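Shown next: final.txt, containing compact mmCIF, C-alpha atoms and all ligand atoms.
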# COMPACT_ATOMS: atom_id res chain seq x y z
CA MET A 21 0.00 0.00 0.00
CA THR A 22 1.89 3.08 -1.17
CA SER A 23 -1.17 5.35 -1.01
CA GLY A 24 -3.11 6.12 2.14
CA VAL A 25 -3.98 8.67 4.78
CA TRP A 26 -2.30 8.67 8.18
CA THR A 27 -4.58 10.33 10.73
CA ASN A 28 -4.61 11.22 14.43
CA ALA A 29 -0.91 12.06 14.56
CA ARG A 30 1.08 14.78 16.28
CA ILE A 31 3.30 15.96 13.45
CA LEU A 32 6.63 17.73 13.25
CA THR A 33 7.20 18.21 9.51
CA MET A 34 10.69 19.67 10.12
CA ALA A 35 10.07 22.07 7.24
CA GLU A 36 11.93 25.33 7.89
CA GLY A 37 10.03 27.34 10.54
CA ALA A 38 7.07 24.93 10.76
CA GLU A 39 5.15 24.60 14.04
CA PRO A 40 4.03 21.21 15.40
CA ILE A 41 0.59 20.07 14.22
CA ALA A 42 -1.45 18.82 17.18
CA ALA A 43 -4.10 16.70 15.42
CA GLY A 44 -2.54 16.11 12.05
CA ALA A 45 -2.85 13.97 8.97
CA VAL A 46 -0.57 13.03 6.10
CA ALA A 47 -1.93 11.95 2.72
CA VAL A 48 0.35 9.73 0.64
CA GLU A 49 -0.12 8.96 -3.04
CA ARG A 50 2.08 6.49 -4.89
CA GLY A 51 4.77 6.72 -2.22
CA ARG A 52 4.92 10.50 -2.15
CA ILE A 53 3.50 13.02 0.27
CA ALA A 54 0.44 14.60 -1.30
CA TRP A 55 -0.75 16.67 1.63
CA VAL A 56 0.07 17.37 5.31
CA GLY A 57 -1.79 19.51 7.81
CA ALA A 58 -4.47 19.59 10.50
CA GLU A 59 -6.80 16.63 10.11
CA ALA A 60 -9.83 18.96 10.22
CA ASP A 61 -8.54 20.58 7.00
CA LEU A 62 -7.94 17.33 5.10
CA PRO A 63 -9.25 17.93 1.57
CA PRO A 64 -11.98 15.54 0.35
CA ASP A 65 -9.75 14.45 -2.58
CA PHE A 66 -8.21 11.72 -0.44
CA SER A 67 -11.44 10.17 0.90
CA ASP A 68 -11.05 7.03 -1.23
CA LEU A 69 -7.66 6.18 0.27
CA PRO A 70 -7.22 3.64 3.09
CA VAL A 71 -6.84 5.25 6.52
CA THR A 72 -4.35 4.37 9.27
CA ASP A 73 -5.04 5.76 12.74
CA CYS A 74 -1.72 6.79 14.36
CA GLN A 75 -3.43 6.81 17.79
CA GLY A 76 -1.95 10.14 18.78
CA ARG A 77 1.66 9.10 18.19
CA TRP A 78 4.32 11.60 17.11
CA LEU A 79 5.12 11.51 13.42
CA LEU A 80 8.47 12.92 12.19
CA PRO A 81 10.50 12.58 9.00
CA SER A 82 12.63 9.45 9.04
CA PHE A 83 16.26 10.13 9.83
CA VAL A 84 19.08 10.59 7.35
CA ASP A 85 22.53 9.36 8.42
CA CYS A 86 24.63 11.57 6.15
CA HIS A 87 28.12 10.26 7.06
CA THR A 88 28.86 6.56 7.54
CA HIS A 89 31.55 4.05 6.72
CA LEU A 90 29.00 1.23 7.09
CA VAL A 91 30.73 -1.20 4.70
CA PHE A 92 33.95 -2.73 6.07
CA ALA A 93 35.28 -6.09 7.23
CA GLY A 94 36.35 -7.06 10.72
CA ASN A 95 36.48 -4.66 13.64
CA ARG A 96 39.03 -2.92 15.83
CA ALA A 97 38.05 -4.01 19.31
CA ARG A 98 41.75 -4.78 19.96
CA GLU A 99 42.75 -1.17 19.22
CA PHE A 100 39.97 -0.04 21.51
CA GLU A 101 41.70 -1.97 24.26
CA MET A 102 45.05 -0.40 23.33
CA ARG A 103 43.48 3.05 23.59
CA LEU A 104 42.13 2.12 27.01
CA ASP A 105 45.74 1.34 27.88
CA GLY A 106 46.76 4.85 26.88
CA ALA A 107 47.66 4.74 23.16
CA SER A 108 46.18 7.57 21.10
CA TYR A 109 44.18 7.19 17.87
CA GLU A 110 46.92 8.98 15.94
CA GLU A 111 49.72 6.86 17.46
CA ILE A 112 47.94 3.66 16.51
CA ALA A 113 47.41 4.97 12.98
CA ARG A 114 51.09 5.91 12.60
CA ALA A 115 52.13 2.44 13.80
CA GLY A 116 50.27 0.72 10.96
CA GLY A 117 47.03 0.10 12.83
CA GLY A 118 43.97 2.24 12.48
CA ILE A 119 42.55 2.65 9.00
CA ALA A 120 45.33 0.46 7.55
CA SER A 121 44.24 -2.55 9.59
CA THR A 122 40.64 -2.26 8.37
CA VAL A 123 42.01 -1.88 4.83
CA ARG A 124 43.79 -5.23 5.13
CA ASN A 125 40.56 -6.95 6.23
CA THR A 126 38.34 -5.18 3.72
CA ALA A 127 40.59 -5.70 0.72
CA ALA A 128 40.72 -9.42 1.56
CA ALA A 129 36.93 -9.78 1.83
CA THR A 130 34.60 -10.74 -1.01
CA GLU A 131 31.77 -8.43 -1.97
CA ASP A 132 29.31 -10.97 -0.49
CA GLN A 133 31.20 -10.87 2.82
CA LEU A 134 31.13 -7.08 2.84
CA VAL A 135 27.36 -7.15 2.36
CA ALA A 136 26.88 -9.80 5.03
CA GLU A 137 28.98 -7.92 7.59
CA ALA A 138 27.25 -4.61 6.86
CA LEU A 139 23.68 -5.90 7.16
CA PRO A 140 23.43 -6.18 10.97
CA ARG A 141 24.81 -2.66 11.33
CA LEU A 142 22.35 -1.42 8.72
CA ASP A 143 19.50 -3.13 10.57
CA ALA A 144 20.50 -1.40 13.80
CA LEU A 145 20.24 1.99 12.10
CA LEU A 146 16.92 1.18 10.43
CA SER A 147 15.37 -0.08 13.67
CA GLU A 148 15.40 3.43 15.08
CA GLY A 149 13.71 5.29 12.27
CA THR A 150 16.54 5.91 9.78
CA SER A 151 15.59 5.63 6.11
CA SER A 152 18.49 7.22 4.19
CA ILE A 153 22.16 6.41 4.68
CA GLU A 154 25.28 7.73 3.04
CA ILE A 155 28.03 5.10 2.74
CA LYS A 156 31.64 5.77 1.83
CA SER A 157 34.34 3.65 0.27
CA GLY A 158 37.79 4.21 1.73
CA TYR A 159 38.90 0.86 3.14
CA GLY A 160 39.93 -0.62 -0.21
CA LEU A 161 42.64 1.83 -1.36
CA SER A 162 42.95 0.06 -4.71
CA ILE A 163 40.65 0.67 -7.66
CA GLU A 164 39.12 -2.82 -7.44
CA ALA A 165 38.66 -2.88 -3.67
CA GLU A 166 37.18 0.63 -3.55
CA ILE A 167 34.71 -0.28 -6.27
CA ALA A 168 33.80 -3.52 -4.45
CA MET A 169 32.89 -1.46 -1.37
CA LEU A 170 30.56 0.76 -3.38
CA ARG A 171 28.99 -2.22 -5.14
CA ALA A 172 28.32 -3.73 -1.71
CA ALA A 173 26.82 -0.42 -0.55
CA ARG A 174 24.51 -0.26 -3.58
CA ARG A 175 23.41 -3.90 -3.02
CA LEU A 176 22.23 -3.07 0.51
CA ALA A 177 19.48 -0.89 -0.98
CA GLY A 178 18.06 -3.97 -2.71
CA LEU A 179 18.05 -6.00 0.51
CA ARG A 180 16.32 -3.59 2.89
CA PRO A 181 13.81 -0.71 2.65
CA VAL A 182 16.40 2.07 2.66
CA ARG A 183 17.80 4.77 0.40
CA ILE A 184 21.59 4.55 0.03
CA THR A 185 23.86 7.26 -1.35
CA THR A 186 27.54 6.58 -1.94
CA SER A 187 30.73 8.61 -1.65
CA TRP A 188 34.07 7.83 -3.30
CA LEU A 189 36.60 8.07 -0.45
CA ALA A 190 39.69 6.52 -2.04
CA ALA A 191 41.66 9.47 -0.59
CA HIS A 192 41.11 8.19 2.95
CA ALA A 193 44.67 6.94 3.59
CA THR A 194 47.77 6.13 1.58
CA PRO A 195 48.30 2.38 1.02
CA PRO A 196 51.80 1.01 1.86
CA ALA A 197 52.84 0.78 -1.81
CA TYR A 198 52.40 4.55 -2.13
CA LYS A 199 53.93 5.57 1.20
CA GLY A 200 55.34 9.09 0.86
CA ARG A 201 53.86 9.40 -2.63
CA ASN A 202 50.41 10.84 -2.00
CA ALA A 203 50.31 12.72 -5.31
CA ASP A 204 51.02 9.52 -7.22
CA TYR A 205 48.29 7.69 -5.32
CA ILE A 206 45.78 10.40 -6.22
CA ALA A 207 46.86 10.38 -9.88
CA GLU A 208 47.14 6.61 -10.31
CA VAL A 209 44.39 5.23 -8.06
CA ALA A 210 41.98 7.83 -6.67
CA ILE A 211 41.26 9.63 -9.97
CA PRO A 212 41.17 6.70 -12.42
CA GLY A 213 39.16 4.69 -9.87
CA LEU A 214 36.70 7.55 -9.55
CA GLU A 215 36.29 7.65 -13.32
CA ALA A 216 35.63 3.91 -13.47
CA ALA A 217 33.26 3.89 -10.50
CA HIS A 218 31.38 6.89 -11.86
CA ALA A 219 31.03 5.23 -15.25
CA ALA A 220 29.52 2.21 -13.46
CA GLY A 221 26.96 4.44 -11.72
CA LEU A 222 28.44 3.81 -8.29
CA VAL A 223 29.28 7.35 -7.14
CA ASP A 224 26.98 10.07 -5.79
CA ALA A 225 29.68 12.29 -4.26
CA VAL A 226 33.45 12.51 -3.73
CA ASP A 227 34.94 12.68 -0.23
CA ALA A 228 38.49 12.75 1.13
CA PHE A 229 40.33 12.85 4.46
CA CYS A 230 42.21 16.13 4.76
CA GLU A 231 44.61 15.83 7.68
CA ARG A 232 48.32 15.76 8.49
CA ILE A 233 48.09 11.93 8.71
CA ALA A 234 46.21 11.81 5.39
CA PHE A 235 46.05 14.35 2.48
CA THR A 236 46.67 18.09 2.14
CA PRO A 237 44.41 20.43 0.17
CA ASP A 238 47.11 20.73 -2.52
CA GLU A 239 47.23 16.95 -2.90
CA LEU A 240 43.44 16.76 -3.13
CA ARG A 241 42.99 19.54 -5.69
CA PRO A 242 43.36 17.32 -8.80
CA LEU A 243 40.80 14.87 -7.36
CA PHE A 244 38.26 17.59 -6.58
CA ASP A 245 38.87 19.16 -10.00
CA ARG A 246 38.04 15.81 -11.60
CA ALA A 247 34.92 15.48 -9.44
CA ARG A 248 33.84 18.89 -10.63
CA SER A 249 34.40 18.04 -14.28
CA LEU A 250 32.35 14.85 -13.80
CA GLY A 251 29.55 16.90 -12.26
CA LEU A 252 29.89 15.21 -8.86
CA PRO A 253 29.47 17.12 -5.57
CA VAL A 254 32.29 17.00 -3.03
CA LYS A 255 32.48 16.80 0.76
CA LEU A 256 35.47 16.57 3.08
CA HIS A 257 36.66 15.08 6.37
CA ALA A 258 38.21 18.33 7.59
CA GLU A 259 39.78 19.80 10.71
CA GLN A 260 39.26 16.59 12.72
CA LEU A 261 42.64 16.31 14.46
CA SER A 262 44.22 19.64 13.47
CA ASN A 263 43.47 22.72 11.37
CA SER A 264 44.62 22.04 7.80
CA ASN A 265 42.32 24.66 6.22
CA GLY A 266 40.45 21.84 4.51
CA SER A 267 37.07 23.45 5.06
CA ALA A 268 37.95 26.62 3.15
CA PHE A 269 39.43 24.45 0.40
CA ALA A 270 36.22 22.37 0.17
CA ALA A 271 34.06 25.50 0.30
CA GLY A 272 35.87 26.66 -2.83
CA TYR A 273 34.26 23.70 -4.60
CA GLY A 274 30.81 24.45 -3.18
CA ALA A 275 31.08 21.34 -0.99
CA LEU A 276 27.87 19.71 0.24
CA SER A 277 29.44 19.37 3.68
CA VAL A 278 32.57 19.54 5.75
CA ASP A 279 32.62 16.89 8.42
CA HIS A 280 34.14 16.63 11.94
CA ILE A 281 35.54 20.24 12.03
CA GLU A 282 36.63 20.16 15.67
CA TYR A 283 39.54 22.49 14.79
CA LEU A 284 37.62 24.81 12.44
CA ASP A 285 38.61 28.47 12.96
CA ALA A 286 36.75 31.72 12.29
CA ASP A 287 38.01 31.95 8.69
CA GLY A 288 36.77 28.41 8.08
CA VAL A 289 33.34 29.26 9.48
CA ALA A 290 33.14 32.28 7.19
CA ALA A 291 34.21 30.20 4.18
CA ILE A 292 31.59 27.47 4.63
CA ARG A 293 28.92 30.03 5.42
CA ALA A 294 29.60 31.77 2.11
CA SER A 295 29.42 28.50 0.15
CA GLY A 296 26.23 27.21 1.81
CA THR A 297 28.12 24.12 2.98
CA VAL A 298 26.61 22.06 5.82
CA ALA A 299 28.68 21.52 8.97
CA VAL A 300 28.40 17.80 9.76
CA LEU A 301 29.14 17.15 13.42
CA LEU A 302 30.20 13.65 14.45
CA PRO A 303 30.09 13.47 18.25
CA GLY A 304 30.51 9.70 18.23
CA ALA A 305 34.09 10.17 17.00
CA THR A 306 34.76 12.97 19.48
CA TYR A 307 33.52 10.74 22.27
CA ALA A 308 35.21 7.52 21.17
CA ILE A 309 38.69 9.01 20.73
CA ARG A 310 38.18 11.27 23.77
CA GLU A 311 38.85 14.37 21.71
CA THR A 312 38.60 17.35 24.03
CA GLN A 313 38.49 19.96 21.26
CA HIS A 314 34.85 20.37 20.22
CA PRO A 315 33.49 21.90 17.00
CA PRO A 316 32.79 25.65 17.21
CA VAL A 317 29.02 25.23 17.57
CA ALA A 318 28.37 28.72 18.95
CA ALA A 319 30.23 30.32 16.04
CA LEU A 320 28.47 28.10 13.50
CA ARG A 321 25.11 28.95 15.05
CA ALA A 322 25.86 32.68 15.12
CA ALA A 323 26.90 32.56 11.45
CA GLY A 324 23.76 30.67 10.47
CA VAL A 325 25.67 27.68 9.10
CA PRO A 326 23.35 24.63 8.80
CA MET A 327 24.43 21.86 11.19
CA ALA A 328 23.87 18.14 10.69
CA LEU A 329 24.67 15.21 12.97
CA ALA A 330 25.74 11.76 11.75
CA THR A 331 27.04 8.56 13.27
CA ASP A 332 30.34 8.34 11.31
CA LEU A 333 29.74 4.61 11.87
CA ASN A 334 33.19 3.06 11.36
CA PRO A 335 35.32 0.44 13.09
CA GLY A 336 37.93 2.85 14.44
CA SER A 337 36.97 6.30 15.59
CA SER A 338 33.20 5.84 15.88
CA PRO A 339 31.78 2.34 16.32
CA LEU A 340 28.36 3.93 16.77
CA ALA A 341 25.26 2.45 15.13
CA SER A 342 22.62 4.79 16.56
CA LEU A 343 21.42 8.18 15.38
CA LEU A 344 19.29 8.52 18.54
CA LEU A 345 22.41 8.24 20.66
CA THR A 346 24.22 10.57 18.24
CA MET A 347 21.59 13.23 18.96
CA ASN A 348 22.04 12.76 22.69
CA LEU A 349 25.81 13.14 22.28
CA GLY A 350 25.29 16.22 20.11
CA ALA A 351 23.21 17.83 22.82
CA THR A 352 25.26 16.73 25.81
CA LEU A 353 28.79 17.08 24.39
CA PHE A 354 28.29 19.89 21.85
CA ARG A 355 25.35 21.71 23.47
CA LEU A 356 23.06 21.61 20.48
CA THR A 357 19.45 22.35 21.36
CA VAL A 358 16.76 19.71 20.95
CA ALA A 359 15.41 21.59 17.92
CA GLU A 360 18.91 21.70 16.40
CA CYS A 361 19.42 17.97 17.01
CA LEU A 362 16.13 17.06 15.34
CA ALA A 363 16.87 19.27 12.32
CA ALA A 364 20.43 17.90 12.25
CA THR A 365 19.27 14.32 11.62
CA THR A 366 16.41 15.18 9.25
CA ARG A 367 16.37 18.36 7.14
CA GLU A 368 20.04 19.35 7.51
CA ALA A 369 21.31 15.79 7.14
CA ALA A 370 19.27 15.48 3.93
CA ARG A 371 20.83 18.73 2.74
CA ALA A 372 24.32 17.41 3.52
CA ALA A 373 23.60 14.21 1.59
CA GLY A 374 22.24 16.10 -1.41
CA LEU A 375 18.81 14.59 -0.70
CA LEU A 376 16.81 17.61 0.47
CA PRO A 377 14.53 17.70 -2.61
CA GLU A 378 13.65 14.04 -1.93
CA THR A 379 13.44 13.53 1.84
CA GLY A 380 14.28 15.00 5.26
CA THR A 381 11.05 16.96 5.76
CA ILE A 382 7.36 16.11 5.41
CA GLU A 383 6.29 18.33 2.52
CA PRO A 384 4.16 17.69 -0.54
CA GLY A 385 6.10 16.16 -3.40
CA LYS A 386 8.73 14.43 -1.27
CA SER A 387 9.11 10.73 -0.68
CA ALA A 388 6.79 9.52 2.11
CA ASP A 389 9.55 8.68 4.60
CA PHE A 390 8.35 9.09 8.16
CA THR A 391 8.40 7.35 11.51
CA LEU A 392 5.79 7.03 14.26
CA TRP A 393 7.13 7.30 17.79
CA ASP A 394 5.81 6.19 21.18
CA ILE A 395 6.84 9.37 22.96
CA GLY A 396 5.16 12.23 24.78
CA SER A 397 7.30 14.95 23.19
CA PRO A 398 9.99 15.10 20.45
CA ALA A 399 12.58 16.04 23.08
CA GLU A 400 12.46 12.39 24.18
CA LEU A 401 14.22 11.43 20.95
CA VAL A 402 17.25 13.37 22.16
CA TYR A 403 16.88 12.74 25.88
CA TRP A 404 16.90 8.94 26.18
CA ILE A 405 20.24 7.12 26.16
CA GLY A 406 19.99 3.68 24.59
CA PHE A 407 16.19 3.55 24.51
CA ARG A 408 14.51 3.25 21.11
CA PRO A 409 10.84 4.19 21.13
CA ALA A 410 10.25 3.79 17.37
CA HIS A 411 6.81 2.31 16.64
CA THR A 412 6.51 2.16 12.82
CA ARG A 413 8.81 3.31 10.01
CA ILE A 414 7.20 4.20 6.71
CA PHE A 415 9.48 4.23 3.67
CA ARG A 416 8.23 5.47 0.30
CA GLY A 417 4.71 5.18 1.67
CA GLU A 418 5.01 1.59 2.83
CA ILE A 419 5.43 0.15 6.31
CA ALA A 420 9.06 -0.99 6.47
N1 LIG B 1 38.03 10.11 10.05
C1 LIG B 1 37.40 9.27 10.85
O1 LIG B 1 36.98 9.51 11.93
C2 LIG B 1 37.26 8.00 10.16
N2 LIG B 1 37.84 8.28 8.90
C3 LIG B 1 38.28 9.50 8.89
O2 LIG B 1 38.80 10.01 7.92
C4 LIG B 1 38.02 6.95 10.90
C5 LIG B 1 38.21 5.73 10.11
C6 LIG B 1 38.89 4.65 10.89
O3 LIG B 1 39.51 4.88 11.94
O4 LIG B 1 38.79 3.48 10.43
FE FE B 2 34.19 9.56 8.60
Spell out the structure here as structure tokens.
Amino acid sequence: MTSGVWTNARILTMAEGAEPIAAGAVAVERGRIAWVGAEADLPPDFSDLPVTDCQGRWLLPSFVDCHTHLVFAGNRAREFEMRLDGASYEEIARAGGGIASTVRNTAAATEDQLVAEALPRLDALLSEGTSSIEIKSGYGLSIEAEIAMLRAARRLAGLRPVRITTSWLAAHATPPAYKGRNADYIAEVAIPGLEAAHAAGLVDAVDAFCERIAFTPDELRPLFDRARSLGLPVKLHAEQLSNSNGSAFAAGYGALSVDHIEYLDADGVAAIRASGTVAVLLPGATYAIRETQHPPVAALRAAGVPMALATDLNPGSSPLASLLLTMNLGATLFRLTVAECLAATTREAARAAGLLPETGTIEPGKSADFTLWDIGSPAELVYWIGFRPAHTRIFRGEIA
């Protein structure tokens, strides 16, 4: 049933500036939102459609997780123990652990294994009202292995009711064969791989890790130039461990988002404000690596930069498979308001993923992606820690 009317709901559409609707209804036709408003105003046009009584539950747009590394093989529980013993994330990375260890596992896995290992993590996200997920490559670091990751990511969308977007993150780390030769890796692997993956329809955006342990803006310029000439949007892991001026560099390409940005300075804030780039905050990573430098939320807010929250689900810096918990961390660690947290996982996350015309708010014309919640107020979605009051998730008009 992809057409129907959902009645007796308390609705937060999350459209810019919209007030809650106390006794609301949503009309869905062929999987798309046809109408939303107070039930008393429901036009007669929809009277032939089947009706579902939401029994007073809260109805919000389904969540968008706009930054994940969901596809990978193995895990890094051992490094977690080393960090508990005092080693830092950066020390482990420099000693050949970190991303490199997940690369070894991922490059050795078959595409079927990658899908099988990703599915339980995907199910965890979906179980709490998430319907759209961005998934990056970045643990292959060869053309074939990067493409296998994106093929696995695309396959997930055929196995579960979910919308998947993909990002080409070959410039995540330098593989051993290219040690000290970042420019060669970009020229010989990241760019030709991007061209091949794009030709196969596997790429929705191009991402990179801009950091002193990864790539500099100068090294990334040829990759981003190629993305631009292919018509692909860019985004960037920027200012996570230090300020490398990656955000201003990405803003110069009209980036969809800059992500992490713990070390973003005032010039960086001004640059992303001018380019309309979304600030994607990843408190799971801040928490898991015990980073004490937090993103400049007050400055971002004052500048009117849109802020999104995402899990950064990955085996190293953020083994976090919950957007509800991400919102709680965003509020508690970064002092986002409840309203900011809810926008950050719906409208602003959709904007960061390039999906705002399709999802992220409940507005006529968009995909009917919404979730019913057993809660007394939307603040409960941010307040609970490890409690998941999702009742029903509707994806493209159908109960998922
Ligand atoms: N920053 C991160 O937090 C993840 N990637 C990145 O560029 C970490 C990836 C990992 O540790 O496996
Ligand atoms: Fe990441």
### Message
I need the residue nearest Pro303 of chain A from this list: A:Asn348, A:Ser387, A:Ser277, A:Ser264. Use only C-alpha atoms for the distance.
### Response
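Among the listed residues, the smallest separation from Pro303 of chain A belongs to A:Asn348.
Neighbouring residues of ligand LIG 1 (chain B) at a cut-off of 6 Å, counting all atoms listed in the file, are A:Gly118, A:Ile119, A:His192, A:Phe229, A:His257, A:Ala305, A:Asn334, A:Pro335, A:Gly336, A:Ser337.
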Option closest in space to ligand FE 2 (chain B), from A:Thr22, A:Ser147, A:Thr27, A:Ser338 [counting all atoms listed in the file]:
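Residue with the minimum atom-to-atom distance to ligand FE 2 (chain B): A:Ser338.
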How would you report the residues lying within 10 Å of ligand FE 2 (chain B), as a ChimeraX atom specification, if you count all atoms listed in the file?
/A:87-90,155-156,158,189,192,227-229,256-258,260,279-280,302,305,330-334,336-338
> Which of these, A:Ala294, A:Gly37, A:Ala373, A:Ala219, has the shortest distance to Ser187 of chain A once you count all atoms listed in the file?
Replying inline: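 Between A:Ala294, A:Gly37, A:Ala373, A:Ala219, the residue approaching Ser187 of chain A most closely is A:Ala373.
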Check your understanding: At what distance in Å, to one decimal, does atom CA of Met327 of chain A lie from atom CA of Trp393 of chain A?
Key ->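 Separating atom CA of Trp393 of chain A from atom CA of Met327 of chain A is a distance of 23.6 Å.
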- Of the candidates A:Ile395, A:Ala190, A:Leu222, A:Leu401, which one gets nearest to Glu208 of chain A if we count all atoms listed in the file?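 Counting all atoms listed in the file, the residue closest to Glu208 of chain A is A:Ala190.
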- [ ] Measuring atom to atom with all atoms listed in the file, identify which of A:Ile153, A:Ile31, A:Cys74, A:Ala115 is nearest to Leu375 of chain A.
- [x]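 Residue with the minimum atom-to-atom distance to Leu375 of chain A: A:Ile153.
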What is the atom CA of Thr346 of chain A-atom CA of Thr122 of chain A distance in Å, reported with one decimal?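 Atom-to-atom, atom CA of Thr346 of chain A to atom CA of Thr122 of chain A, that is 23.1 Å.
Among A:Tyr283, A:Tyr198, A:Trp26, A:Trp55, the residue with the shortest atom-to-atom distance to Thr391 of chain A, counting only C-alpha atoms, is A:Trp26.
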Asp389 of chain A environment, 6 Å, all atoms listed in the file, sequence neighbours closer than 3 positions dropped, as a list in words: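 Neighbouring residues, sequence-local ones excluded: Pro81, Ser82, Ile414, Phe415 and Arg416 of chain A.
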Point (16.4, 15.4, 18.2), cut-off 9 Å, counting all atoms listed in the file, residues as a PyMOL selection string: chain A and resi 344+347-348+351+357-366+398-403
Work out how far apart atom CA of Cys86 of chain A and atom CA of Val25 of chain A are and give it in Å to one decimal.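 Value for the atom CA of Cys86 of chain A-atom CA of Val25 of chain A distance: 28.8 Å.
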* Quick one: residues within 8 Å of Leu252 of chain A, only C-alpha atoms counted, chain neighbours fewer than 2 positions away excluded, as a list in words? ->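 Surrounding residues, per the criterion: Asp224, Ala225, Val226, Ala247, Arg248, Ser249, Leu250 and Val254 of chain A.
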Non-local contacts of Pro196 of chain A (10 Å; only C-alpha atoms; under 4 positions in same chain excluded) as an mmCIF file with C-alpha atoms, in the frame of the given file:
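So around.cif came out as:
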data_model
loop_
_atom_site.group_PDB
_atom_site.id
_atom_site.type_symbol
_atom_site.label_atom_id
_atom_site.label_comp_id
_atom_site.auth_asym_id
_atom_site.auth_seq_id
_atom_site.Cartn_x
_atom_site.Cartn_y
_atom_site.Cartn_z
ATOM 1 C CA GLY A 116 50.270 0.720 10.960
ATOM 2 C CA ALA A 120 45.330 0.460 7.550
ATOM 3 C CA LEU A 161 42.640 1.830 -1.360
ATOM 4 C CA GLY A 200 55.340 9.090 0.860
ATOM 5 C CA ARG A 201 53.860 9.400 -2.630
#
- [ ] For Glu282 of chain A, list every protein, DNA or RNA residue within 6 Å, evaluated using only C-alpha atoms, and leave out those in the same chain fewer than 5 positions away; present the list as an NGL selection string.
- [x] :A and (259-260 or 313-315)
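Near segment 128-130 of chain A, within 12 Å and counting all atoms listed in the file, sit Val91, Phe92, Ala93, Gly94, Ser121, Thr122, Val123, Arg124, Asn125, Gln133, Leu134, Val135, Ala136, Glu137, Tyr159, Gly160, Leu161, Ser162, Glu164, Ala165, Glu166, Ile167, Ala168, Met169, Arg171 and Ala172 of chain A; same-chain residues fewer than 3 positions away were not included.
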| message | Residues within 7 Å of (-0.1, 10.4, 2.1), file coordinates, counting all atoms listed in the file: what are they? Give the list as a list in words. | response |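 Residues satisfying the cut-off, written out: Ser23, Gly24, Val25, Trp26, Val46, Ala47, Val48, Glu49, Arg52, Ile53, Ala54, Trp55 and Ala388 of chain A.
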